[in-house]
$ cat model-v3.cif   # mmCIF, C-alpha atoms and all ligand atoms
data_model
#
loop_
_atom_site.group_PDB
_atom_site.id
_atom_site.type_symbol
_atom_site.label_atom_id
_atom_site.label_comp_id
_atom_site.auth_asym_id
_atom_site.auth_seq_id
_atom_site.Cartn_x
_atom_site.Cartn_y
_atom_site.Cartn_z
ATOM 1 C CA MET R 1 -15.151 -18.971 -6.796
ATOM 2 C CA ASN R 2 -18.283 -17.013 -7.727
ATOM 3 C CA ASN R 3 -19.636 -16.531 -11.224
ATOM 4 C CA ALA R 4 -17.720 -13.240 -11.515
ATOM 5 C CA ARG R 5 -14.385 -14.938 -11.555
ATOM 6 C CA ALA R 6 -15.775 -17.591 -13.886
ATOM 7 C CA LEU R 7 -15.490 -14.998 -16.658
ATOM 8 C CA LEU R 8 -11.781 -14.617 -15.935
ATOM 9 C CA THR R 9 -8.823 -16.914 -15.821
ATOM 10 C CA ALA R 10 -6.634 -16.794 -12.727
ATOM 11 C CA ASN R 11 -3.848 -15.309 -14.856
ATOM 12 C CA ASP R 12 -6.045 -12.468 -16.080
ATOM 13 C CA TYR R 13 -6.851 -11.506 -12.529
ATOM 14 C CA GLN R 14 -3.242 -11.629 -11.392
ATOM 15 C CA ALA R 15 -2.253 -9.302 -14.195
ATOM 16 C CA LEU R 16 -4.540 -6.645 -12.736
ATOM 17 C CA THR R 17 -2.824 -6.734 -9.413
ATOM 18 C CA GLN R 18 0.694 -6.801 -10.788
ATOM 19 C CA ILE R 19 0.598 -3.387 -12.441
ATOM 20 C CA ASN R 20 2.266 -1.827 -9.446
ATOM 21 C CA PRO R 21 3.688 -3.653 -6.419
ATOM 22 C CA VAL R 22 1.873 -1.310 -3.986
ATOM 23 C CA ARG R 23 -1.406 -2.596 -5.472
ATOM 24 C CA GLN R 24 -0.642 -6.095 -4.301
ATOM 25 C CA ARG R 25 -1.282 -5.085 -0.725
ATOM 26 C CA LYS R 26 -4.809 -6.077 0.157
ATOM 27 C CA VAL R 27 -6.756 -3.383 1.985
ATOM 28 C CA LEU R 28 -10.197 -4.980 2.120
ATOM 29 C CA SER R 29 -11.616 -8.467 1.655
ATOM 30 C CA VAL R 30 -15.331 -8.695 1.114
ATOM 31 C CA LYS R 31 -16.547 -12.200 1.879
ATOM 32 C CA ASN R 32 -19.987 -13.607 1.050
ATOM 33 C CA LEU R 33 -21.631 -10.263 1.683
ATOM 34 C CA CYS R 34 -25.445 -10.227 1.641
ATOM 35 C CA LYS R 35 -27.750 -7.285 2.180
ATOM 36 C CA SER R 36 -31.536 -7.212 2.469
ATOM 37 C CA TYR R 37 -33.521 -4.141 3.385
ATOM 38 C CA ASN R 38 -36.591 -6.308 4.017
ATOM 39 C CA ALA R 39 -37.633 -9.961 4.012
ATOM 40 C CA HIS R 40 -38.857 -9.870 0.396
ATOM 41 C CA GLN R 41 -35.736 -8.753 -1.471
ATOM 42 C CA THR R 42 -32.056 -9.651 -1.320
ATOM 43 C CA VAL R 43 -30.304 -6.579 -2.710
ATOM 44 C CA LEU R 44 -26.726 -7.900 -2.478
ATOM 45 C CA ASN R 45 -26.263 -11.634 -2.803
ATOM 46 C CA ASP R 46 -23.007 -13.380 -1.896
ATOM 47 C CA ILE R 47 -20.624 -10.613 -2.952
ATOM 48 C CA SER R 48 -16.933 -11.493 -2.590
ATOM 49 C CA PHE R 49 -13.870 -9.599 -3.818
ATOM 50 C CA ASP R 50 -10.529 -8.255 -2.640
ATOM 51 C CA LEU R 51 -9.550 -4.606 -2.940
ATOM 52 C CA HIS R 52 -5.879 -3.628 -3.210
ATOM 53 C CA ALA R 53 -4.037 -0.428 -2.292
ATOM 54 C CA GLY R 54 -4.173 2.154 -5.055
ATOM 55 C CA GLU R 55 -6.630 0.269 -7.254
ATOM 56 C CA MET R 56 -9.199 2.264 -9.172
ATOM 57 C CA VAL R 57 -12.274 0.095 -9.575
ATOM 58 C CA GLY R 58 -15.319 1.051 -11.598
ATOM 59 C CA ILE R 59 -18.636 -0.449 -10.475
ATOM 60 C CA ILE R 60 -21.169 -0.851 -13.248
ATOM 61 C CA GLY R 61 -24.637 -2.335 -13.664
ATOM 62 C CA ARG R 62 -28.139 -1.279 -14.513
ATOM 63 C CA SER R 63 -30.268 0.881 -12.248
ATOM 64 C CA GLY R 64 -31.327 -1.021 -9.135
ATOM 65 C CA ALA R 65 -28.520 -3.588 -9.468
ATOM 66 C CA GLY R 66 -27.216 -2.755 -5.993
ATOM 67 C CA LYS R 67 -24.210 -0.490 -6.749
ATOM 68 C CA SER R 68 -25.046 2.245 -4.250
ATOM 69 C CA THR R 69 -26.054 -0.299 -1.637
ATOM 70 C CA LEU R 70 -22.651 -1.957 -2.005
ATOM 71 C CA LEU R 71 -20.788 1.306 -1.343
ATOM 72 C CA HIS R 72 -23.059 2.183 1.582
ATOM 73 C CA VAL R 73 -22.545 -1.221 3.153
ATOM 74 C CA LEU R 74 -18.762 -1.017 2.678
ATOM 75 C CA ASN R 75 -18.581 2.310 4.444
ATOM 76 C CA GLY R 76 -20.995 1.295 7.194
ATOM 77 C CA THR R 77 -23.790 3.725 6.324
ATOM 78 C CA HIS R 78 -25.991 0.658 5.872
ATOM 79 C CA THR R 79 -25.636 -2.496 7.943
ATOM 80 C CA VAL R 80 -24.561 -5.844 6.550
ATOM 81 C CA THR R 81 -27.154 -8.652 6.675
ATOM 82 C CA SER R 82 -24.507 -11.385 6.563
ATOM 83 C CA GLY R 83 -20.920 -11.880 5.458
ATOM 84 C CA GLU R 84 -17.605 -10.294 6.384
ATOM 85 C CA LEU R 85 -15.762 -7.085 5.586
ATOM 86 C CA LEU R 86 -12.157 -7.662 6.527
ATOM 87 C CA SER R 87 -10.029 -4.546 6.725
ATOM 88 C CA HIS R 88 -6.315 -5.271 6.303
ATOM 89 C CA PRO R 89 -4.146 -2.724 8.119
ATOM 90 C CA GLU R 90 -0.611 -2.067 6.859
ATOM 91 C CA VAL R 91 0.665 -3.697 10.022
ATOM 92 C CA GLY R 92 -1.267 -6.165 12.146
ATOM 93 C CA THR R 93 -4.056 -8.634 11.677
ATOM 94 C CA PRO R 94 -7.191 -8.069 9.589
ATOM 95 C CA ARG R 95 -10.365 -7.131 11.458
ATOM 96 C CA ASP R 96 -14.016 -7.512 10.555
ATOM 97 C CA VAL R 97 -15.548 -4.051 10.227
ATOM 98 C CA SER R 98 -19.046 -5.225 9.300
ATOM 99 C CA GLY R 99 -20.685 -4.881 12.712
ATOM 100 C CA LEU R 100 -19.063 -1.738 14.107
ATOM 101 C CA LYS R 101 -20.993 0.795 16.154
ATOM 102 C CA GLY R 102 -20.421 4.216 17.725
ATOM 103 C CA ARG R 103 -16.874 5.516 17.736
ATOM 104 C CA ALA R 104 -15.401 2.466 16.034
ATOM 105 C CA LEU R 105 -17.901 2.900 13.188
ATOM 106 C CA ASN R 106 -17.023 6.593 12.843
ATOM 107 C CA GLN R 107 -13.355 5.663 12.734
ATOM 108 C CA TRP R 108 -14.045 3.133 9.957
ATOM 109 C CA ARG R 109 -16.043 5.739 7.997
ATOM 110 C CA SER R 110 -12.977 7.972 8.102
ATOM 111 C CA GLU R 111 -10.771 5.173 6.813
ATOM 112 C CA CYS R 112 -13.313 4.313 4.138
ATOM 113 C CA GLY R 113 -14.448 7.760 3.003
ATOM 114 C CA MET R 114 -17.413 8.341 0.728
ATOM 115 C CA ILE R 115 -18.419 11.081 -1.651
ATOM 116 C CA PHE R 116 -22.034 11.376 -2.660
ATOM 117 C CA GLN R 117 -23.719 12.316 -5.897
ATOM 118 C CA ASP R 118 -25.370 15.359 -4.328
ATOM 119 C CA PHE R 119 -22.100 16.433 -2.618
ATOM 120 C CA CYS R 120 -23.719 16.808 0.859
ATOM 121 C CA LEU R 121 -21.986 20.147 1.556
ATOM 122 C CA VAL R 122 -23.370 22.661 4.054
ATOM 123 C CA PRO R 123 -24.555 25.395 1.652
ATOM 124 C CA ARG R 124 -24.188 28.406 3.956
ATOM 125 C CA LEU R 125 -20.733 27.531 5.219
ATOM 126 C CA ASP R 126 -17.583 28.487 3.352
ATOM 127 C CA VAL R 127 -15.540 26.004 1.366
ATOM 128 C CA LEU R 128 -12.703 25.768 3.907
ATOM 129 C CA THR R 129 -15.098 24.998 6.789
ATOM 130 C CA ASN R 130 -16.886 22.417 4.672
ATOM 131 C CA VAL R 131 -13.579 20.628 4.114
ATOM 132 C CA LEU R 132 -12.695 20.870 7.807
ATOM 133 C CA LEU R 133 -16.053 19.323 8.715
ATOM 134 C CA GLY R 134 -14.513 16.088 7.458
ATOM 135 C CA ARG R 135 -12.379 16.143 10.604
ATOM 136 C CA LEU R 136 -15.340 16.253 12.973
ATOM 137 C CA SER R 137 -15.367 12.531 13.708
ATOM 138 C CA GLN R 138 -11.788 12.878 14.962
ATOM 139 C CA THR R 139 -12.402 16.101 16.886
ATOM 140 C CA SER R 140 -13.653 16.313 20.480
ATOM 141 C CA THR R 141 -17.377 17.031 20.898
ATOM 142 C CA LEU R 142 -16.816 20.474 22.417
ATOM 143 C CA LYS R 143 -14.386 21.546 19.743
ATOM 144 C CA SER R 144 -16.627 20.268 16.988
ATOM 145 C CA LEU R 145 -19.594 22.136 18.507
ATOM 146 C CA PHE R 146 -17.718 25.413 18.103
ATOM 147 C CA LYS R 147 -15.989 24.321 14.909
ATOM 148 C CA VAL R 148 -12.534 24.721 16.437
ATOM 149 C CA PHE R 149 -9.970 23.071 14.208
ATOM 150 C CA SER R 150 -6.264 22.636 14.826
ATOM 151 C CA PRO R 151 -3.677 24.590 12.782
ATOM 152 C CA GLU R 152 -2.561 21.220 11.330
ATOM 153 C CA ASP R 153 -6.089 20.486 10.115
ATOM 154 C CA ARG R 154 -6.364 23.960 8.594
ATOM 155 C CA ALA R 155 -3.007 23.570 6.851
ATOM 156 C CA LYS R 156 -4.056 20.204 5.455
ATOM 157 C CA ALA R 157 -7.421 21.586 4.267
ATOM 158 C CA ILE R 158 -5.649 24.453 2.537
ATOM 159 C CA SER R 159 -3.154 22.181 0.823
ATOM 160 C CA LEU R 160 -5.956 19.870 -0.369
ATOM 161 C CA LEU R 161 -7.883 22.832 -1.759
ATOM 162 C CA GLU R 162 -4.747 24.067 -3.466
ATOM 163 C CA TRP R 163 -4.170 20.639 -5.006
ATOM 164 C CA MET R 164 -7.747 20.722 -6.373
ATOM 165 C CA SER R 165 -7.270 24.295 -7.673
ATOM 166 C CA MET R 166 -9.971 25.384 -5.231
ATOM 167 C CA LEU R 167 -7.921 27.638 -2.951
ATOM 168 C CA PRO R 168 -9.201 30.872 -4.572
ATOM 169 C CA HIS R 169 -12.704 29.777 -3.494
ATOM 170 C CA ALA R 170 -11.764 28.836 0.090
ATOM 171 C CA LEU R 171 -13.805 31.612 1.713
ATOM 172 C CA GLN R 172 -16.726 31.436 -0.677
ATOM 173 C CA ARG R 173 -20.013 29.915 0.487
ATOM 174 C CA ALA R 174 -20.477 26.376 -0.785
ATOM 175 C CA GLU R 175 -23.911 27.260 -2.181
ATOM 176 C CA ASN R 176 -22.315 29.607 -4.728
ATOM 177 C CA LEU R 177 -20.066 26.982 -6.326
ATOM 178 C CA SER R 178 -20.607 25.156 -9.601
ATOM 179 C CA GLY R 179 -21.358 21.422 -9.513
ATOM 180 C CA GLY R 180 -17.801 20.492 -10.476
ATOM 181 C CA GLN R 181 -16.389 22.801 -7.796
ATOM 182 C CA MET R 182 -18.742 21.321 -5.177
ATOM 183 C CA GLN R 183 -17.621 17.836 -6.088
ATOM 184 C CA ARG R 184 -13.968 18.828 -5.684
ATOM 185 C CA VAL R 185 -14.733 20.250 -2.227
ATOM 186 C CA ALA R 186 -16.554 17.020 -1.342
ATOM 187 C CA ILE R 187 -13.464 15.049 -2.376
ATOM 188 C CA CYS R 188 -11.248 17.303 -0.200
ATOM 189 C CA ARG R 189 -13.627 16.740 2.726
ATOM 190 C CA ALA R 190 -13.288 12.967 2.313
ATOM 191 C CA LEU R 191 -9.493 13.124 1.850
ATOM 192 C CA ILE R 192 -8.856 15.240 4.945
ATOM 193 C CA GLN R 193 -9.778 12.146 6.946
ATOM 194 C CA ASN R 194 -6.746 10.300 5.502
ATOM 195 C CA PRO R 195 -8.810 7.429 4.129
ATOM 196 C CA SER R 196 -7.224 4.294 2.746
ATOM 197 C CA ILE R 197 -10.326 3.751 0.611
ATOM 198 C CA LEU R 198 -12.415 6.350 -1.206
ATOM 199 C CA LEU R 199 -15.906 5.397 -2.382
ATOM 200 C CA ALA R 200 -17.636 7.576 -4.958
ATOM 201 C CA ASP R 201 -21.302 7.058 -5.844
ATOM 202 C CA GLU R 202 -21.860 8.433 -9.335
ATOM 203 C CA PRO R 203 -19.577 11.408 -8.718
ATOM 204 C CA VAL R 204 -19.984 12.786 -12.229
ATOM 205 C CA ALA R 205 -23.706 12.179 -12.776
ATOM 206 C CA SER R 206 -24.659 15.846 -12.722
ATOM 207 C CA LEU R 207 -21.513 17.305 -14.271
ATOM 208 C CA ASP R 208 -20.751 18.671 -17.747
ATOM 209 C CA PRO R 209 -18.119 16.882 -19.871
ATOM 210 C CA LYS R 210 -15.253 19.180 -18.825
ATOM 211 C CA ASN R 211 -15.929 18.799 -15.105
ATOM 212 C CA THR R 212 -16.560 15.090 -15.570
ATOM 213 C CA GLN R 213 -13.058 14.620 -16.978
ATOM 214 C CA ARG R 214 -11.611 16.804 -14.257
ATOM 215 C CA ILE R 215 -13.216 14.809 -11.433
ATOM 216 C CA MET R 216 -12.256 11.490 -13.016
ATOM 217 C CA ARG R 217 -8.647 12.703 -13.331
ATOM 218 C CA VAL R 218 -8.698 13.742 -9.670
ATOM 219 C CA LEU R 219 -9.957 10.295 -8.643
ATOM 220 C CA ARG R 220 -7.201 8.701 -10.717
ATOM 221 C CA GLU R 221 -4.587 10.896 -9.009
ATOM 222 C CA VAL R 222 -6.034 9.896 -5.631
ATOM 223 C CA SER R 223 -5.607 6.226 -6.547
ATOM 224 C CA GLU R 224 -2.067 6.863 -7.783
ATOM 225 C CA GLN R 225 -1.265 8.085 -4.283
ATOM 226 C CA GLY R 226 -2.098 4.622 -2.949
ATOM 227 C CA ILE R 227 -5.713 5.206 -1.904
ATOM 228 C CA SER R 228 -8.085 2.552 -3.272
ATOM 229 C CA VAL R 229 -10.913 4.151 -5.213
ATOM 230 C CA MET R 230 -14.249 2.477 -5.953
ATOM 231 C CA VAL R 231 -16.484 4.500 -8.216
ATOM 232 C CA ASN R 232 -20.049 3.801 -9.396
ATOM 233 C CA LEU R 233 -20.422 4.865 -12.997
ATOM 234 C CA HIS R 234 -23.124 4.718 -15.629
ATOM 235 C CA SER R 235 -20.733 5.504 -18.486
ATOM 236 C CA ILE R 236 -18.860 2.565 -19.994
ATOM 237 C CA GLU R 237 -16.651 5.054 -21.860
ATOM 238 C CA LEU R 238 -15.455 6.572 -18.586
ATOM 239 C CA VAL R 239 -14.907 3.145 -17.065
ATOM 240 C CA LYS R 240 -12.766 2.176 -20.040
ATOM 241 C CA GLU R 241 -10.787 5.400 -19.867
ATOM 242 C CA TYR R 242 -10.142 5.537 -16.138
ATOM 243 C CA CYS R 243 -10.656 2.209 -14.390
ATOM 244 C CA PRO R 244 -8.072 -0.580 -14.783
ATOM 245 C CA ARG R 245 -10.496 -2.897 -12.977
ATOM 246 C CA VAL R 246 -14.240 -3.171 -13.403
ATOM 247 C CA ILE R 247 -16.770 -4.960 -11.225
ATOM 248 C CA GLY R 248 -20.121 -5.584 -12.869
ATOM 249 C CA ILE R 249 -23.204 -6.179 -10.732
ATOM 250 C CA ALA R 250 -26.512 -7.625 -11.892
ATOM 251 C CA GLN R 251 -29.392 -8.282 -9.492
ATOM 252 C CA GLY R 252 -27.128 -7.974 -6.497
ATOM 253 C CA GLN R 253 -24.464 -10.403 -7.709
ATOM 254 C CA ILE R 254 -21.034 -9.845 -9.172
ATOM 255 C CA VAL R 255 -21.206 -11.123 -12.725
ATOM 256 C CA PHE R 256 -17.940 -9.598 -13.945
ATOM 257 C CA ASP R 257 -14.624 -8.733 -12.331
ATOM 258 C CA GLY R 258 -11.896 -7.905 -14.801
ATOM 259 C CA SER R 259 -10.251 -5.325 -17.010
ATOM 260 C CA PRO R 260 -12.244 -2.991 -19.298
ATOM 261 C CA ALA R 261 -10.749 -4.821 -22.296
ATOM 262 C CA GLN R 262 -12.645 -7.910 -21.170
ATOM 263 C CA LEU R 263 -16.004 -6.133 -21.278
ATOM 264 C CA THR R 264 -17.248 -7.984 -24.324
ATOM 265 C CA PRO R 265 -20.723 -7.420 -25.833
ATOM 266 C CA ASP R 266 -21.805 -10.660 -24.101
ATOM 267 C CA VAL R 267 -20.704 -9.369 -20.695
ATOM 268 C CA LEU R 268 -22.410 -6.028 -21.313
ATOM 269 C CA HIS R 269 -25.563 -7.858 -22.336
ATOM 270 C CA THR R 270 -25.488 -9.890 -19.113
ATOM 271 C CA LEU R 271 -25.143 -6.644 -17.195
ATOM 272 C CA TYR R 272 -27.540 -4.379 -19.030
ATOM 273 C CA GLY R 273 -29.871 -6.620 -21.039
ATOM 274 C CA ASP R 274 -31.858 -4.620 -23.568
ATOM 275 C CA GLU R 275 -30.711 -1.320 -22.034
ATOM 276 C CA ILE R 276 -27.372 -1.966 -23.746
ATOM 277 C CA SER R 277 -28.326 0.316 -26.662
ATOM 278 C CA GLN R 278 -28.666 3.284 -24.273
ATOM 279 C CA LEU R 279 -25.109 2.929 -22.985
ATOM 280 C CA HIS R 280 -22.434 5.457 -23.825
HETATM 281 N N1 LIG K 1 -32.952 2.256 1.926
HETATM 282 C C1 LIG K 1 -33.548 1.321 1.170
HETATM 283 N N2 LIG K 1 -34.634 0.643 1.611
HETATM 284 C C2 LIG K 1 -35.230 -0.299 0.869
HETATM 285 N N3 LIG K 1 -34.794 -0.674 -0.362
HETATM 286 C C3 LIG K 1 -33.728 -0.037 -0.855
HETATM 287 C C4 LIG K 1 -33.041 0.986 -0.126
HETATM 288 N N4 LIG K 1 -32.004 1.431 -0.874
HETATM 289 C C5 LIG K 1 -32.039 0.727 -2.020
HETATM 290 N N5 LIG K 1 -33.070 -0.148 -2.006
HETATM 291 C C6 LIG K 1 -33.407 -1.096 -3.083
HETATM 292 O O1 LIG K 1 -32.259 -1.869 -3.331
HETATM 293 C C7 LIG K 1 -32.109 -2.098 -4.731
HETATM 294 C C8 LIG K 1 -30.738 -1.623 -5.184
HETATM 295 O O2 LIG K 1 -30.698 -0.217 -5.049
HETATM 296 P P1 LIG K 1 -29.375 0.611 -5.295
HETATM 297 O O3 LIG K 1 -29.701 2.026 -4.977
HETATM 298 O O4 LIG K 1 -28.267 -0.012 -4.563
HETATM 299 O O5 LIG K 1 -29.174 0.397 -6.861
HETATM 300 P P2 LIG K 1 -28.148 1.104 -7.853
HETATM 301 O O6 LIG K 1 -27.463 0.022 -8.600
HETATM 302 O O7 LIG K 1 -27.303 2.068 -7.125
HETATM 303 O O8 LIG K 1 -29.133 1.861 -8.844
HETATM 304 P P3 LIG K 1 -28.930 3.298 -9.594
HETATM 305 O O9 LIG K 1 -28.007 3.039 -10.742
HETATM 306 O O10 LIG K 1 -30.318 3.641 -10.043
HETATM 307 O O11 LIG K 1 -28.387 4.277 -8.612
HETATM 308 C C9 LIG K 1 -33.280 -1.394 -5.416
HETATM 309 O O12 LIG K 1 -34.291 -2.341 -5.663
HETATM 310 C C10 LIG K 1 -33.719 -0.391 -4.393
HETATM 311 O O13 LIG K 1 -35.085 -0.125 -4.503
HETATM 312 MG MG MG K 2 -27.097 4.123 -7.152
#

$ encode --input "model-v3.cif" --output "structure tokens"
Amino acid sequence: MNNARALLTANDYQALTQINPVRQRKVLSVKNLCKSYNAHQTVLNDISFDLHAGEMVGIIGRSGAGKSTLLHVLNGTHTVTSGELLSHPEVGTPRDVSGLKGRALNQWRSECGMIFQDFCLVPRLDVLTNVLLGRLSQTSTLKSLFKVFSPEDRAKAISLLEWMSMLPHALQRAENLSGGQMQRVAICRALIQNPSILLADEPVASLDPKNTQRIMRVLREVSEQGISVMVNLHSIELVKEYCPRVIGIAQGQIVFDGSPAQLTPDVLHTLYGDEISQLH
């Protein structure tokens, strides 16, 4: 048991996973994960937690704590230094996805989709094509070269855009969208890969309050459909409103794993130190 769980009783933790039976199914076990970018600094230090289907988990901590690194390591954009990432399929035995390469890594990145703060859309391409680009890792090289997508992929892209109220913009260039619209397209692009986990690194950092609420509601809906969502946030208010589970990271270690109601001033002080007064 790491110091995160020390702040919780076993019963508290169980309550989080008993909200909905589907959430009891484990989708990922992170075990003793460490990450160093160089010999002088350990950025993630002995991180362990389980993620369940349909959970919406807010990741909080001060700047430099290691939140983005955690998401990048989970999705395989950055390599693990040590530890295990066990993916639990619906049927079959868990497999360690921490050392994947090539095709297997691409496949994992589809299962564990990520949306980035700066959206990473192709500005000159239209919205529909940007969403379809999410399918590239599962499309043959030749077809992807000529951006040939199957009718099924197109139908799925259209229905995702419709769900996000973005269908009227389907043929518009991505560069002409507002920030909130770009973020919705980025979410569609991640969802078209049928992920079981969606990682979002500060998805509302550059958005106005209305679009912030809209994106957070979308992420909640995604989690309600059984996809596990992990979202890095700098706003404690948003975490309290949207995330039934919160993981707090300080200096690369989990120092809190519980419900927002358990985020006491002491916990927040451990997480943010003197920056606590700047929180909102
Ligand atoms: N590619 C990299 N190479 C070297 N060091 C890195 C790299 N990425 C992050 N770091 C370092 O790892 C530490 C954690 O960074 P990370 O970006 O994960 O923090 P964060 O919690 O996401 O911060 P913020 O809230 O500012 O986004 C920092 O000290 C950072 O300088
Ligand atoms: Mg970050």

$ resolve_selection --input "model-v3.cif" --expression "the PyMOL selection byres (((not hetatm)) within 12 of (chain K and resi 2))" --output "tab-separated table (two decimals) with C-alpha atoms, keeping the file's coordinate frame"
chain	number	residue	atom	x	y	z
R	59	ILE	CA	-18.64	-0.45	-10.48
R	60	ILE	CA	-21.17	-0.85	-13.25
R	61	GLY	CA	-24.64	-2.34	-13.66
R	62	ARG	CA	-28.14	-1.28	-14.51
R	63	SER	CA	-30.27	0.88	-12.25
R	64	GLY	CA	-31.33	-1.02	-9.14
R	65	ALA	CA	-28.52	-3.59	-9.47
R	66	GLY	CA	-27.22	-2.76	-5.99
R	67	LYS	CA	-24.21	-0.49	-6.75
R	68	SER	CA	-25.05	2.24	-4.25
R	69	THR	CA	-26.05	-0.30	-1.64
R	70	LEU	CA	-22.65	-1.96	-2.00
R	71	LEU	CA	-20.79	1.31	-1.34
R	72	HIS	CA	-23.06	2.18	1.58
R	116	PHE	CA	-22.03	11.38	-2.66
R	117	GLN	CA	-23.72	12.32	-5.90
R	118	ASP	CA	-25.37	15.36	-4.33
R	200	ALA	CA	-17.64	7.58	-4.96
R	201	ASP	CA	-21.30	7.06	-5.84
R	202	GLU	CA	-21.86	8.43	-9.34
R	203	PRO	CA	-19.58	11.41	-8.72
R	205	ALA	CA	-23.71	12.18	-12.78
R	231	VAL	CA	-16.48	4.50	-8.22
R	232	ASN	CA	-20.05	3.80	-9.40
R	233	LEU	CA	-20.42	4.86	-13.00
R	234	HIS	CA	-23.12	4.72	-15.63
R	249	ILE	CA	-23.20	-6.18	-10.73

$ atom_distance --input "model-v3.cif" --atom1 "CA of Leu238 in chain R" --atom2 "CA of Val255 in chain R"
19.5 Å

$ resolve_selection --input "model-v3.cif" --expression "the PyMOL selection byres (((chain R and resi 246) around 9) and not hetatm)" --output "count of residues only"
18

$ closest_residue --input "model-v3.cif" --among "R:Pro195, R:Gly273, R:Gly102, R:Pro123" --to "Ile227 in chain R" --atoms "all atoms listed in the file"
R:Pro195

$ closest_residue --input "model-v3.cif" --among "R:Ser48, R:Gly252, R:Met114, R:Ile197" --to "ligand LIG 1 (chain K)" --atoms "all atoms listed in the file"
R:Gly252

$ atom_distance --input "model-v3.cif" --atom1 "CA of Val122 in chain R" --atom2 "CA of Met166 in chain R"
16.5 Å

$ closest_residue --input "model-v3.cif" --among "R:Ser228, R:Ser98, R:Gln181, R:Asn45" --to "ligand LIG 1 (chain K)" --atoms "only C-alpha atoms and all ligand atoms"
R:Asn45

$ residues_around --input "model-v3.cif" --residues "Leu85 in chain R" --least-positions-apart "5" --cutoff "6 Å" --atoms "all atoms listed in the file" --output "JSON, numbers by chain"
{"R": [29, 30, 96, 97, 98]}

$ residues_around --input "model-v3.cif" --residues "Lys31 in chain R" --least-positions-apart "2" --cutoff "10 Å" --atoms "only C-alpha atoms" --output "JSON, numbers by chain"
{"R": [28, 29, 33, 34, 46, 47, 48, 49, 50, 82, 83, 84, 85, 86]}

$ resolve_selection --input "model-v3.cif" --expression "the PyMOL selection byres (((chain R and resi 167-174) around 7) and not hetatm)" --output "ChimeraX atom specification"
/R:121-128,158,161-162,165-166,175-177,182

$ write_last_selection --input "model-v3.cif" --atoms "C-alpha atoms" --output "PDB file, keeping the file's coordinate frame"
ATOM      1  CA  LEU R 121     -21.986  20.147   1.556  1.00  0.00           C
ATOM      2  CA  VAL R 122     -23.370  22.661   4.054  1.00  0.00           C
ATOM      3  CA  PRO R 123     -24.555  25.395   1.652  1.00  0.00           C
ATOM      4  CA  ARG R 124     -24.188  28.406   3.956  1.00  0.00           C
ATOM      5  CA  LEU R 125     -20.733  27.531   5.219  1.00  0.00           C
ATOM      6  CA  ASP R 126     -17.583  28.487   3.352  1.00  0.00           C
ATOM      7  CA  VAL R 127     -15.540  26.004   1.366  1.00  0.00           C
ATOM      8  CA  LEU R 128     -12.703  25.768   3.907  1.00  0.00           C
ATOM      9  CA  ILE R 158      -5.649  24.453   2.537  1.00  0.00           C
ATOM     10  CA  LEU R 161      -7.883  22.832  -1.759  1.00  0.00           C
ATOM     11  CA  GLU R 162      -4.747  24.067  -3.466  1.00  0.00           C
ATOM     12  CA  SER R 165      -7.270  24.295  -7.673  1.00  0.00           C
ATOM     13  CA  MET R 166      -9.971  25.384  -5.231  1.00  0.00           C
ATOM     14  CA  GLU R 175     -23.911  27.260  -2.181  1.00  0.00           C
ATOM     15  CA  ASN R 176     -22.315  29.607  -4.728  1.00  0.00           C
ATOM     16  CA  LEU R 177     -20.066  26.982  -6.326  1.00  0.00           C
ATOM     17  CA  MET R 182     -18.742  21.321  -5.177  1.00  0.00           C
TER      18      MET R 182
END

$ atom_distance --input "model-v3.cif" --atom1 "CA of Ile192 in chain R" --atom2 "CA of Thr212 in chain R"
21.9 Å

$ residues_around --input "model-v3.cif" --residues "Asp208 in chain R" --least-positions-apart "4" --cutoff "9 Å" --atoms "all atoms listed in the file" --output "list in words"
Gly179, Gly180, Val204, Thr212 and Gln213 of chain R

$ closest_residue --input "model-v3.cif" --among "R:Tyr242, R:Trp108, R:Tyr37, R:Trp163" --to "ligand LIG 1 (chain K)" --atoms "only C-alpha atoms and all ligand atoms"
R:Tyr37

$ closest_residue --input "model-v3.cif" --among "R:Ser110, R:Ala261, R:Gln253, R:Leu207" --to "Glu241 in chain R" --atoms "all atoms listed in the file"
R:Ala261

$ axis_aligned_box --input "model-v3.cif" --around "ligand LIG 1 (chain K)" --padding-each-side "4 Å" --output "lines of an AutoDock Vina configuration file"
center_x = -31.3
center_y = 1.0
center_z = -4.4
size_x = 15.9
size_y = 14.6
size_z = 20.7

$ closest_residue --input "model-v3.cif" --among "R:Cys120, R:Ala53, R:Leu198, R:Leu74" --to "ligand LIG 1 (chain K)" --atoms "only C-alpha atoms and all ligand atoms"
R:Leu74
